[in-house]
>>> print(open('coords_26.tsv').read())   # TSV, C-alpha atoms and all ligand atoms
chain	number	residue	atom	x	y	z
R	66	MET	CA	-11.19	-4.06	16.68
R	67	ALA	CA	-7.42	-4.37	17.27
R	68	ASP	CA	-5.26	-2.98	14.47
R	69	PHE	CA	-4.01	-5.59	12.00
R	70	ILE	CA	-0.34	-6.59	12.40
R	71	PRO	CA	1.15	-8.01	9.18
R	72	ALA	CA	3.21	-11.18	9.04
R	73	LEU	CA	6.88	-10.66	8.07
R	74	ASN	CA	8.60	-13.20	5.80
R	75	ASP	CA	12.33	-14.09	5.60
R	76	ALA	CA	12.86	-11.70	2.66
R	77	GLY	CA	11.52	-8.75	4.67
R	78	PHE	CA	8.09	-8.57	2.96
R	79	SER	CA	4.99	-7.81	5.03
R	80	GLY	CA	1.90	-9.95	4.27
R	81	PHE	CA	-1.60	-8.46	4.07
R	82	PRO	CA	-4.82	-10.45	3.53
R	83	ALA	CA	-7.12	-9.82	0.56
R	84	PRO	CA	-10.42	-11.51	1.47
R	85	ALA	CA	-13.01	-12.81	-0.99
R	86	LYS	CA	-16.64	-11.75	-1.27
R	87	LEU	CA	-19.86	-13.49	-2.17
R	88	ASN	CA	-22.79	-11.72	-3.81
R	89	LEU	CA	-25.74	-12.96	-1.74
R	90	PHE	CA	-27.87	-11.72	-4.63
R	91	LEU	CA	-27.21	-9.57	-7.68
R	92	HIS	CA	-29.85	-7.66	-9.61
R	93	VAL	CA	-29.26	-5.81	-12.86
R	94	ILE	CA	-31.64	-2.85	-12.82
R	95	GLY	CA	-30.42	-0.87	-15.83
R	96	ARG	CA	-27.53	0.17	-17.99
R	97	ARG	CA	-25.57	3.44	-18.20
R	98	SER	CA	-24.86	5.17	-21.49
R	99	ASP	CA	-21.19	4.02	-21.24
R	100	GLY	CA	-22.32	0.38	-21.21
R	101	TYR	CA	-21.73	-0.28	-17.50
R	102	HIS	CA	-24.63	-1.95	-15.72
R	103	LEU	CA	-26.54	-0.54	-12.76
R	104	LEU	CA	-26.63	-3.17	-10.05
R	105	GLN	CA	-28.14	-3.89	-6.67
R	106	SER	CA	-26.39	-6.51	-4.59
R	107	VAL	CA	-25.45	-7.59	-1.08
R	108	PHE	CA	-21.69	-8.09	-0.86
R	109	GLN	CA	-20.60	-10.43	1.95
R	110	LEU	CA	-16.95	-10.67	3.08
R	111	ILE	CA	-15.72	-14.22	3.72
R	112	ASP	CA	-12.53	-15.45	5.37
R	113	ALA	CA	-11.00	-17.14	2.28
R	114	HIS	CA	-8.18	-14.88	1.09
R	115	ASP	CA	-5.13	-14.18	-1.06
R	116	THR	CA	-2.07	-12.68	0.64
R	117	VAL	CA	-0.37	-9.60	-0.84
R	118	TRP	CA	3.32	-9.29	0.13
R	119	LEU	CA	4.85	-5.81	0.12
R	120	LYS	CA	8.32	-4.39	0.78
R	121	THR	CA	8.60	-0.61	0.59
R	122	ASP	CA	11.80	1.29	-0.19
R	123	ALA	CA	13.02	4.74	-1.17
R	124	SER	CA	13.67	3.92	-4.86
R	125	GLY	CA	10.37	5.21	-6.27
R	126	ASP	CA	10.11	2.03	-8.37
R	127	ILE	CA	7.07	-0.27	-8.45
R	128	VAL	CA	8.35	-3.81	-8.96
R	129	ARG	CA	6.20	-6.95	-9.38
R	130	GLU	CA	8.00	-10.12	-8.28
R	131	ASN	CA	6.87	-13.47	-9.69
R	132	PRO	CA	4.34	-12.04	-12.17
R	133	LEU	CA	1.43	-14.29	-13.09
R	134	PRO	CA	2.15	-16.12	-16.36
R	135	GLY	CA	0.86	-14.09	-19.32
R	136	VAL	CA	0.04	-11.01	-17.22
R	137	PRO	CA	2.39	-8.08	-17.99
R	138	ALA	CA	2.94	-5.56	-15.15
R	139	GLN	CA	0.85	-2.88	-16.85
R	140	SER	CA	-2.26	-5.08	-16.75
R	141	ASP	CA	-1.52	-6.59	-13.32
R	142	LEU	CA	-4.05	-5.10	-10.90
R	143	ILE	CA	-1.73	-5.00	-7.87
R	144	TRP	CA	0.98	-3.23	-9.89
R	145	ARG	CA	-1.59	-0.81	-11.32
R	146	ALA	CA	-3.01	-0.11	-7.83
R	147	ALA	CA	0.43	0.83	-6.49
R	148	ARG	CA	1.24	2.99	-9.53
R	149	LEU	CA	-2.14	4.76	-9.37
R	150	LEU	CA	-1.66	5.60	-5.69
R	151	GLN	CA	1.88	6.81	-6.31
R	152	GLU	CA	0.81	9.04	-9.20
R	153	HIS	CA	-2.24	10.35	-7.35
R	154	THR	CA	-0.25	11.41	-4.29
R	155	GLY	CA	3.13	12.27	-5.82
R	156	CYS	CA	4.68	9.86	-3.31
R	157	ARG	CA	8.39	9.29	-4.04
R	158	LEU	CA	8.65	5.95	-2.25
R	159	GLY	CA	8.75	2.60	-4.03
R	160	VAL	CA	7.49	-0.93	-3.37
R	161	THR	CA	8.15	-4.50	-4.42
R	162	LEU	CA	4.96	-6.57	-4.68
R	163	ASP	CA	4.30	-10.29	-4.58
R	164	LEU	CA	1.08	-12.27	-4.37
R	165	ASP	CA	0.14	-15.61	-2.84
R	166	LYS	CA	-2.83	-16.42	-5.09
R	167	ARG	CA	-5.34	-18.72	-3.40
R	168	LEU	CA	-8.68	-17.42	-4.60
R	169	PRO	CA	-10.06	-18.73	-7.89
R	170	MET	CA	-9.54	-16.37	-10.82
R	171	GLY	CA	-12.61	-15.68	-12.94
R	172	GLY	CA	-14.59	-17.12	-10.04
R	173	GLY	CA	-16.83	-14.19	-9.06
R	174	VAL	CA	-15.35	-13.98	-5.55
R	175	GLY	CA	-13.58	-10.67	-6.22
R	176	GLY	CA	-10.01	-11.92	-5.83
R	177	GLY	CA	-8.29	-9.53	-8.25
R	178	SER	CA	-10.33	-6.56	-6.99
R	179	SER	CA	-9.58	-7.45	-3.37
R	180	ASP	CA	-5.84	-7.78	-4.10
R	181	ALA	CA	-5.89	-4.26	-5.59
R	182	ALA	CA	-7.87	-2.88	-2.61
R	183	THR	CA	-5.39	-4.44	-0.19
R	184	VAL	CA	-2.48	-2.77	-2.03
R	185	LEU	CA	-4.22	0.63	-1.74
R	186	LEU	CA	-5.04	0.12	1.96
R	187	ALA	CA	-1.62	-1.25	2.92
R	188	LEU	CA	0.40	1.35	1.00
R	189	ASN	CA	-1.80	4.12	2.42
R	190	ARG	CA	-0.41	2.98	5.78
R	191	LEU	CA	3.16	2.00	4.80
R	192	TRP	CA	3.79	5.12	2.69
R	193	LYS	CA	2.16	7.21	5.49
R	194	LEU	CA	-0.25	8.87	3.04
R	195	GLU	CA	-3.27	9.03	5.34
R	196	LEU	CA	-5.78	9.36	2.49
R	197	PRO	CA	-9.38	9.15	3.71
R	198	ARG	CA	-11.38	6.05	2.81
R	199	SER	CA	-13.61	7.94	0.35
R	200	GLU	CA	-10.57	9.01	-1.68
R	201	LEU	CA	-9.16	5.46	-1.75
R	202	MET	CA	-12.57	4.17	-2.86
R	203	ALA	CA	-12.68	6.67	-5.75
R	204	LEU	CA	-9.18	5.60	-6.80
R	205	GLY	CA	-10.20	1.94	-6.51
R	206	LEU	CA	-13.17	2.48	-8.82
R	207	GLN	CA	-10.70	3.40	-11.59
R	208	LEU	CA	-9.28	-0.14	-11.25
R	209	GLY	CA	-12.55	-2.06	-11.20
R	210	ALA	CA	-16.18	-1.83	-10.10
R	211	ASP	CA	-15.72	-4.24	-7.15
R	212	VAL	CA	-12.64	-2.53	-5.67
R	213	PRO	CA	-14.50	0.21	-3.68
R	214	PHE	CA	-16.40	-2.43	-1.69
R	215	PHE	CA	-13.21	-4.00	-0.34
R	216	ILE	CA	-11.87	-0.58	0.68
R	217	TYR	CA	-15.20	0.20	2.35
R	218	GLY	CA	-14.52	-2.96	4.33
R	219	ARG	CA	-17.98	-3.82	5.67
R	220	ASN	CA	-20.79	-5.99	4.40
R	221	ALA	CA	-23.02	-3.77	2.33
R	222	PHE	CA	-26.02	-3.27	0.11
R	223	VAL	CA	-24.19	-2.08	-3.00
R	224	GLU	CA	-25.67	0.05	-5.80
R	225	GLY	CA	-24.59	2.08	-8.83
R	226	ILE	CA	-21.99	0.13	-10.77
R	227	GLY	CA	-20.54	-0.96	-7.42
R	228	GLU	CA	-19.59	2.30	-5.73
R	229	ILE	CA	-22.61	3.20	-3.56
R	230	MET	CA	-22.60	1.41	-0.17
R	231	THR	CA	-25.12	1.06	2.61
R	232	PRO	CA	-23.77	-0.98	5.54
R	233	ILE	CA	-25.82	-3.99	6.61
R	234	GLU	CA	-25.54	-6.73	9.25
R	235	THR	CA	-25.64	-10.18	7.68
R	236	GLY	CA	-25.09	-12.37	10.76
R	237	GLU	CA	-22.78	-15.28	11.50
R	238	CYS	CA	-22.87	-18.23	9.12
R	239	TRP	CA	-20.76	-20.55	7.00
R	240	PHE	CA	-20.70	-21.11	3.29
R	241	ALA	CA	-19.87	-24.08	1.11
R	242	VAL	CA	-18.35	-22.64	-2.08
R	243	LEU	CA	-17.98	-24.76	-5.23
R	244	HIS	CA	-15.54	-23.74	-7.91
R	245	PRO	CA	-16.48	-25.22	-11.28
R	246	GLN	CA	-13.20	-25.33	-13.19
R	247	VAL	CA	-14.15	-22.67	-15.69
R	248	HIS	CA	-12.85	-19.12	-15.93
R	249	VAL	CA	-15.68	-16.70	-16.68
R	250	PRO	CA	-14.64	-13.37	-18.26
R	251	THR	CA	-17.05	-10.86	-16.70
R	252	PRO	CA	-17.58	-8.80	-19.90
R	253	ASP	CA	-18.84	-11.94	-21.73
R	254	ILE	CA	-21.71	-12.22	-19.26
R	255	PHE	CA	-22.62	-8.53	-19.18
R	256	ARG	CA	-22.66	-8.21	-22.97
R	257	ASP	CA	-24.82	-11.30	-23.57
R	258	PRO	CA	-28.01	-10.27	-25.42
R	259	ASP	CA	-30.07	-12.64	-23.24
R	260	LEU	CA	-29.15	-10.83	-20.01
R	261	THR	CA	-32.20	-9.26	-18.34
R	262	ARG	CA	-31.46	-5.70	-17.31
R	263	ASP	CA	-34.81	-4.56	-15.96
R	264	THR	CA	-35.22	-6.08	-12.50
R	265	PRO	CA	-37.28	-3.60	-10.44
R	266	PRO	CA	-35.17	-1.77	-7.85
R	267	ILE	CA	-35.60	-2.68	-4.19
R	268	THR	CA	-34.79	-0.62	-1.12
R	269	VAL	CA	-32.46	-1.54	1.70
R	270	ARG	CA	-35.47	-1.47	4.06
R	271	GLY	CA	-37.28	-3.96	1.86
R	272	LEU	CA	-34.33	-6.37	1.77
R	273	ALA	CA	-35.61	-8.76	4.41
R	274	THR	CA	-38.79	-9.54	2.48
R	275	ALA	CA	-37.63	-9.05	-1.13
R	276	SER	CA	-37.35	-12.08	-3.38
R	277	THR	CA	-33.84	-12.07	-4.78
R	278	ARG	CA	-31.67	-13.90	-7.31
R	279	ASN	CA	-28.50	-13.46	-9.33
R	280	ASP	CA	-29.56	-12.03	-12.71
R	281	LEU	CA	-26.23	-13.09	-14.25
R	282	GLU	CA	-26.79	-16.75	-13.35
R	283	ALA	CA	-29.00	-17.85	-16.25
R	284	VAL	CA	-26.61	-16.41	-18.84
R	285	ALA	CA	-23.53	-17.87	-17.11
R	286	CYS	CA	-25.18	-21.30	-16.83
R	287	ARG	CA	-26.02	-21.27	-20.52
R	288	GLN	CA	-22.48	-20.25	-21.50
R	289	HIS	CA	-20.92	-22.72	-19.02
R	290	PRO	CA	-23.06	-25.81	-18.30
R	291	LEU	CA	-20.67	-26.85	-15.49
R	292	ILE	CA	-21.99	-23.92	-13.44
R	293	ALA	CA	-25.56	-25.21	-13.81
R	294	GLU	CA	-24.38	-28.69	-12.80
R	295	SER	CA	-22.71	-27.31	-9.69
R	296	ILE	CA	-25.84	-25.41	-8.66
R	297	ASN	CA	-27.95	-28.55	-9.15
R	298	TRP	CA	-25.54	-30.62	-7.06
R	299	LEU	CA	-25.39	-28.08	-4.20
R	300	ASN	CA	-29.17	-27.55	-4.29
R	301	HIS	CA	-29.56	-31.06	-2.86
R	302	TYR	CA	-28.15	-29.74	0.43
R	303	ALA	CA	-29.25	-26.10	0.63
R	304	PRO	CA	-30.47	-23.37	-1.73
R	305	ALA	CA	-27.53	-22.66	-4.06
R	306	ARG	CA	-26.72	-19.55	-6.05
R	307	MET	CA	-23.92	-18.18	-8.23
R	308	THR	CA	-21.73	-15.28	-7.01
R	309	GLY	CA	-20.86	-12.32	-9.25
R	310	SER	CA	-20.53	-13.31	-12.89
R	311	GLY	CA	-19.44	-16.82	-11.82
R	312	SER	CA	-18.10	-19.36	-11.90
R	313	CYS	CA	-18.29	-20.06	-8.14
R	314	VAL	CA	-21.59	-21.10	-6.58
R	315	PHE	CA	-22.39	-21.20	-2.87
R	316	ALA	CA	-24.91	-22.21	-0.22
R	317	ARG	CA	-25.29	-20.99	3.34
R	318	PHE	CA	-25.07	-23.16	6.48
R	319	ALA	CA	-25.42	-22.58	10.21
R	320	SER	CA	-22.15	-24.28	11.19
R	321	GLN	CA	-18.76	-25.12	9.76
R	322	GLU	CA	-19.52	-28.82	10.27
R	323	ASP	CA	-22.60	-28.60	8.03
R	324	ALA	CA	-20.69	-26.76	5.30
R	325	ALA	CA	-17.67	-29.09	5.57
R	326	ARG	CA	-19.88	-32.20	5.36
R	327	VAL	CA	-21.19	-31.02	2.00
R	328	ILE	CA	-17.70	-30.22	0.70
R	329	SER	CA	-16.48	-33.67	1.81
R	330	ARG	CA	-19.12	-35.25	-0.44
R	331	LEU	CA	-17.93	-33.44	-3.57
R	332	PRO	CA	-16.99	-35.76	-6.43
R	333	ASP	CA	-13.17	-36.14	-6.62
R	334	PHE	CA	-12.70	-33.99	-9.69
R	335	TRP	CA	-14.71	-31.05	-8.29
R	336	HIS	CA	-13.19	-28.24	-6.24
R	337	GLY	CA	-14.71	-26.47	-3.28
R	338	PHE	CA	-14.00	-24.92	0.10
R	339	THR	CA	-15.75	-23.70	3.23
R	340	ALA	CA	-15.57	-20.13	4.46
R	341	SER	CA	-17.13	-18.19	7.30
R	342	ALA	CA	-18.89	-14.87	7.01
R	343	MET	CA	-16.76	-11.95	8.26
R	344	SER	CA	-18.29	-8.78	9.66
R	345	GLN	CA	-15.45	-6.55	8.47
R	346	HIS	CA	-12.25	-6.43	6.42
R	347	PRO	CA	-9.11	-7.21	8.46
R	348	LEU	CA	-7.54	-3.92	7.21
R	349	GLN	CA	-10.63	-1.87	8.14
R	350	GLY	CA	-8.48	0.42	10.34
R	351	PHE	CA	-6.02	1.29	7.52
R	352	ALA	CA	-8.10	4.17	6.17
R	353	GLY	CA	-9.85	6.88	8.12
R	354	GLY	CA	-13.20	8.56	7.56
E	401	LIG	O1	-15.00	-3.10	-13.43
E	401	LIG	P1	-14.58	-4.48	-13.82
E	401	LIG	O2	-13.22	-4.52	-14.44
E	401	LIG	O3	-14.75	-5.46	-12.72
E	401	LIG	O4	-15.63	-4.91	-14.92
E	401	LIG	C1	-15.34	-5.81	-15.94
E	401	LIG	C2	-16.36	-5.65	-17.05
E	401	LIG	O5	-17.65	-6.05	-16.58
E	401	LIG	C3	-16.54	-4.22	-17.52
E	401	LIG	O6	-15.63	-3.89	-18.53
E	401	LIG	C4	-17.96	-4.23	-18.03
E	401	LIG	O7	-17.98	-4.83	-19.32
E	401	LIG	C5	-18.65	-5.21	-17.09
E	401	LIG	N1	-19.37	-4.55	-15.99
E	401	LIG	C6	-20.58	-3.93	-16.23
E	401	LIG	N2	-21.25	-3.32	-15.20
E	401	LIG	C7	-20.74	-3.34	-13.94
E	401	LIG	C8	-19.52	-3.99	-13.66
E	401	LIG	C9	-18.85	-4.58	-14.72
E	401	LIG	O8	-21.06	-3.90	-17.36
E	401	LIG	N3	-21.43	-2.75	-12.95
>>> encode(input="coords_26.tsv", output="structure tokens")
Amino acid sequence: MADFIPALNDAGFSGFPAPAKLNLFLHVIGRRSDGYHLLQSVFQLIDAHDTVWLKTDASGDIVRENPLPGVPAQSDLIWRAARLLQEHTGCRLGVTLDLDKRLPMGGGVGGGSSDAATVLLALNRLWKLELPRSELMALGLQLGADVPFFIYGRNAFVEGIGEIMTPIETGECWFAVLHPQVHVPTPDIFRDPDLTRDTPPITVRGLATASTRNDLEAVACRQHPLIAESINWLNHYAPARMTGSGSCVFARFASQEDAARVISRLPDFWHGFTASAMSQHPLQGFAGG
């Protein structure tokens, strides 16, 4: 695949995509002693994305332009990603960061995690650090359980708390994605006493024949009835399922026309979009190994 060439804006920032993911299924198979849950899931990259804008300099400062309302720099994932990489490598260069936020927040499509992964991948290139992918993935895991997947950059059967990857081919297809207008804090779903945490493990070889579901869906639907309504609506067209801890729900289609037809029938006050499956992350070439 040809190397990615970033767009350059008038202010001299380079733009890098941060694609979304869908969890084609998500099983909770146990819980670690630190409270994190052991998962099995297929993570699918899709072509809906945020754009992270970066301008490097020699100052050594990490500056966040246009911070999200109510999100101080120290809890902003793209700022934290840049700082973590700088501290880890002792790099003396700086960067100014901005974000064109398109992906729903609290939507289960991995937007914040993908933004952080894109910062690590892009700065690995722009700061000429040449860290191997495995090292970037380990750094990413310190920022969030979904970050390593985006650095891995290929569709994968994902295990552990989100750090163990087996690559898989998922094939070409389109998705209709509905975004119920609720923000789901992930910890609220994982800590719910009704969550089942004992789904029997499956193997990657058994994937094709395994019956799968999203174990977080029942809890999320109970906490947020709009999610259940969205699944019911989409189920009229194709089998619908929630991604991650919600709130987005999706169904798979063979063509963009089929997916777009469903989205065009959405009631006015509902939000949704179509997206195609991607076989790899656009910044796949930014880390070696
Ligand atoms: O790692 P991340 O910040 O995405 O996770 C948010 C929260 O979701 C964690 O603090 C934890 O409560 C929960 N979680 C979990 N098991 C996972 C991933 C996340 O319990 N595998």
>>> atom_distance(input="coords_26.tsv", atom1="atom CA of R:Thr183", atom2="atom CA of R:Ser312")
22.8 Å
>>> axis_aligned_box(input="coords_26.tsv", around="ligand LIG 401 (chain E)", padding_each_side="5 Å", output="AutoDock Vina command-line options")
--center_x -17.3 --center_y -4.4 --center_z -16.0 --size_x 18.2 --size_y 13.3 --size_z 16.6
>>> residues_around(input="coords_26.tsv", residues="R:Val107", least_positions_apart="4", cutoff="12 Å", atoms="all atoms listed in the file", output="JSON, numbers by chain")
{"R": [86, 87, 88, 89, 90, 91, 92, 211, 214, 219, 220, 221, 222, 223, 224, 227, 229, 230, 231, 232, 233, 234, 235, 267, 268, 269, 272, 273, 277, 278, 279, 308, 309]}
>>> write_last_selection(input="coords_26.tsv", atoms="C-alpha atoms", output="mmCIF file, in the frame of the given file")
data_model
loop_
_atom_site.group_PDB
_atom_site.id
_atom_site.type_symbol
_atom_site.label_atom_id
_atom_site.label_comp_id
_atom_site.auth_asym_id
_atom_site.auth_seq_id
_atom_site.Cartn_x
_atom_site.Cartn_y
_atom_site.Cartn_z
ATOM 1 C CA LYS R 86 -16.640 -11.750 -1.270
ATOM 2 C CA LEU R 87 -19.860 -13.490 -2.170
ATOM 3 C CA ASN R 88 -22.790 -11.720 -3.810
ATOM 4 C CA LEU R 89 -25.740 -12.960 -1.740
ATOM 5 C CA PHE R 90 -27.870 -11.720 -4.630
ATOM 6 C CA LEU R 91 -27.210 -9.570 -7.680
ATOM 7 C CA HIS R 92 -29.850 -7.660 -9.610
ATOM 8 C CA ASP R 211 -15.720 -4.240 -7.150
ATOM 9 C CA PHE R 214 -16.400 -2.430 -1.690
ATOM 10 C CA ARG R 219 -17.980 -3.820 5.670
ATOM 11 C CA ASN R 220 -20.790 -5.990 4.400
ATOM 12 C CA ALA R 221 -23.020 -3.770 2.330
ATOM 13 C CA PHE R 222 -26.020 -3.270 0.110
ATOM 14 C CA VAL R 223 -24.190 -2.080 -3.000
ATOM 15 C CA GLU R 224 -25.670 0.050 -5.800
ATOM 16 C CA GLY R 227 -20.540 -0.960 -7.420
ATOM 17 C CA ILE R 229 -22.610 3.200 -3.560
ATOM 18 C CA MET R 230 -22.600 1.410 -0.170
ATOM 19 C CA THR R 231 -25.120 1.060 2.610
ATOM 20 C CA PRO R 232 -23.770 -0.980 5.540
ATOM 21 C CA ILE R 233 -25.820 -3.990 6.610
ATOM 22 C CA GLU R 234 -25.540 -6.730 9.250
ATOM 23 C CA THR R 235 -25.640 -10.180 7.680
ATOM 24 C CA ILE R 267 -35.600 -2.680 -4.190
ATOM 25 C CA THR R 268 -34.790 -0.620 -1.120
ATOM 26 C CA VAL R 269 -32.460 -1.540 1.700
ATOM 27 C CA LEU R 272 -34.330 -6.370 1.770
ATOM 28 C CA ALA R 273 -35.610 -8.760 4.410
ATOM 29 C CA THR R 277 -33.840 -12.070 -4.780
ATOM 30 C CA ARG R 278 -31.670 -13.900 -7.310
ATOM 31 C CA ASN R 279 -28.500 -13.460 -9.330
ATOM 32 C CA THR R 308 -21.730 -15.280 -7.010
ATOM 33 C CA GLY R 309 -20.860 -12.320 -9.250
#
>>> closest_atom_pairs(input="coords_26.tsv", of="chain R", to="ligand LIG 401 (chain E)", cutoff="6 Å", atoms="all atoms listed in the file", output="Markdown table")
| residue | atom | partner | partner_atom | distance |
| --- | --- | --- | --- | --- |
| R:Gly100 | CA | E:LIG401 | O8 | 5.9 |
| R:Tyr101 | CA | E:LIG401 | O8 | 3.7 |
| R:His102 | CA | E:LIG401 | N2 | 3.7 |
| R:Leu103 | CA | E:LIG401 | N3 | 5.6 |
| R:Leu104 | CA | E:LIG401 | N3 | 6.0 |
| R:Gly209 | CA | E:LIG401 | O1 | 3.5 |
| R:Ala210 | CA | E:LIG401 | O1 | 3.8 |
| R:Asp211 | CA | E:LIG401 | O3 | 5.8 |
| R:Ile226 | CA | E:LIG401 | N3 | 3.7 |
| R:Gly227 | CA | E:LIG401 | N3 | 5.9 |
| R:Thr251 | CA | E:LIG401 | O5 | 4.8 |
| R:Pro252 | CA | E:LIG401 | O7 | 4.0 |
| R:Phe255 | CA | E:LIG401 | O8 | 5.2 |
>>> residues_around(input="coords_26.tsv", residues="stretch 121-132 of chain R", least_positions_apart="2", cutoff="9 Å", atoms="all atoms listed in the file", output="CSV table (one decimal) with C-alpha atoms, keeping the file's coordinate frame")
chain,number,residue,atom,x,y,z
R,78,PHE,CA,8.1,-8.6,3.0
R,119,LEU,CA,4.8,-5.8,0.1
R,134,PRO,CA,2.2,-16.1,-16.4
R,135,GLY,CA,0.9,-14.1,-19.3
R,136,VAL,CA,0.0,-11.0,-17.2
R,137,PRO,CA,2.4,-8.1,-18.0
R,138,ALA,CA,2.9,-5.6,-15.2
R,141,ASP,CA,-1.5,-6.6,-13.3
R,143,ILE,CA,-1.7,-5.0,-7.9
R,144,TRP,CA,1.0,-3.2,-9.9
R,147,ALA,CA,0.4,0.8,-6.5
R,148,ARG,CA,1.2,3.0,-9.5
R,151,GLN,CA,1.9,6.8,-6.3
R,156,CYS,CA,4.7,9.9,-3.3
R,157,ARG,CA,8.4,9.3,-4.0
R,158,LEU,CA,8.6,6.0,-2.2
R,159,GLY,CA,8.8,2.6,-4.0
R,160,VAL,CA,7.5,-0.9,-3.4
R,161,THR,CA,8.2,-4.5,-4.4
R,162,LEU,CA,5.0,-6.6,-4.7
R,163,ASP,CA,4.3,-10.3,-4.6
R,164,LEU,CA,1.1,-12.3,-4.4
R,188,LEU,CA,0.4,1.4,1.0
R,191,LEU,CA,3.2,2.0,4.8
R,192,TRP,CA,3.8,5.1,2.7
>>> closest_residue(input="coords_26.tsv", among="R:Glu152, R:Ala113, R:Thr339, R:Gln345", to="R:Arg326", atoms="all atoms listed in the file")
R:Thr339
>>> residues_near_point(input="coords_26.tsv", point="(-8.7, 4.9, 6.4)", cutoff="12 Å", atoms="all atoms listed in the file", output="compact mmCIF listing (two decimals) with C-alpha atoms, keeping the file's coordinate frame")
# COMPACT_ATOMS: atom_id res chain seq x y z
CA ASP R 68 -5.26 -2.98 14.47
CA ALA R 182 -7.87 -2.88 -2.61
CA THR R 183 -5.39 -4.44 -0.19
CA LEU R 185 -4.22 0.63 -1.74
CA LEU R 186 -5.04 0.12 1.96
CA ALA R 187 -1.62 -1.25 2.92
CA LEU R 188 0.40 1.35 1.00
CA ASN R 189 -1.80 4.12 2.42
CA ARG R 190 -0.41 2.98 5.78
CA LYS R 193 2.16 7.21 5.49
CA LEU R 194 -0.25 8.87 3.04
CA GLU R 195 -3.27 9.03 5.34
CA LEU R 196 -5.78 9.36 2.49
CA PRO R 197 -9.38 9.15 3.71
CA ARG R 198 -11.38 6.05 2.81
CA SER R 199 -13.61 7.94 0.35
CA GLU R 200 -10.57 9.01 -1.68
CA LEU R 201 -9.16 5.46 -1.75
CA MET R 202 -12.57 4.17 -2.86
CA ILE R 216 -11.87 -0.58 0.68
CA TYR R 217 -15.20 0.20 2.35
CA GLY R 218 -14.52 -2.96 4.33
CA HIS R 346 -12.25 -6.43 6.42
CA LEU R 348 -7.54 -3.92 7.21
CA GLN R 349 -10.63 -1.87 8.14
CA GLY R 350 -8.48 0.42 10.34
CA PHE R 351 -6.02 1.29 7.52
CA ALA R 352 -8.10 4.17 6.17
CA GLY R 353 -9.85 6.88 8.12
CA GLY R 354 -13.20 8.56 7.56
>>> atom_distance(input="coords_26.tsv", atom1="atom CA of R:His301", atom2="atom CA of R:Arg287")
20.5 Å
>>> closest_residue(input="coords_26.tsv", among="R:Arg317, R:Glu322, R:Pro265, R:His336", to="R:Val247", atoms="all atoms listed in the file")
R:His336
>>> closest_residue(input="coords_26.tsv", among="R:Ile254, R:Leu243, R:Ala303, R:Ala146", to="R:Gly205", atoms="only C-alpha atoms")
R:Ala146
>>> closest_residue(input="coords_26.tsv", among="R:Phe240, R:Phe318, R:Tyr302, R:Trp335", to="R:Leu110", atoms="all atoms listed in the file")
R:Phe240
>>> closest_residue(input="coords_26.tsv", among="R:Val174, R:Leu206, R:Leu149, R:Val249", to="R:Phe108", atoms="only C-alpha atoms")
R:Val174
>>> atom_distance(input="coords_26.tsv", atom1="atom CA of R:Ala342", atom2="atom CA of R:Val327")
17.1 Å
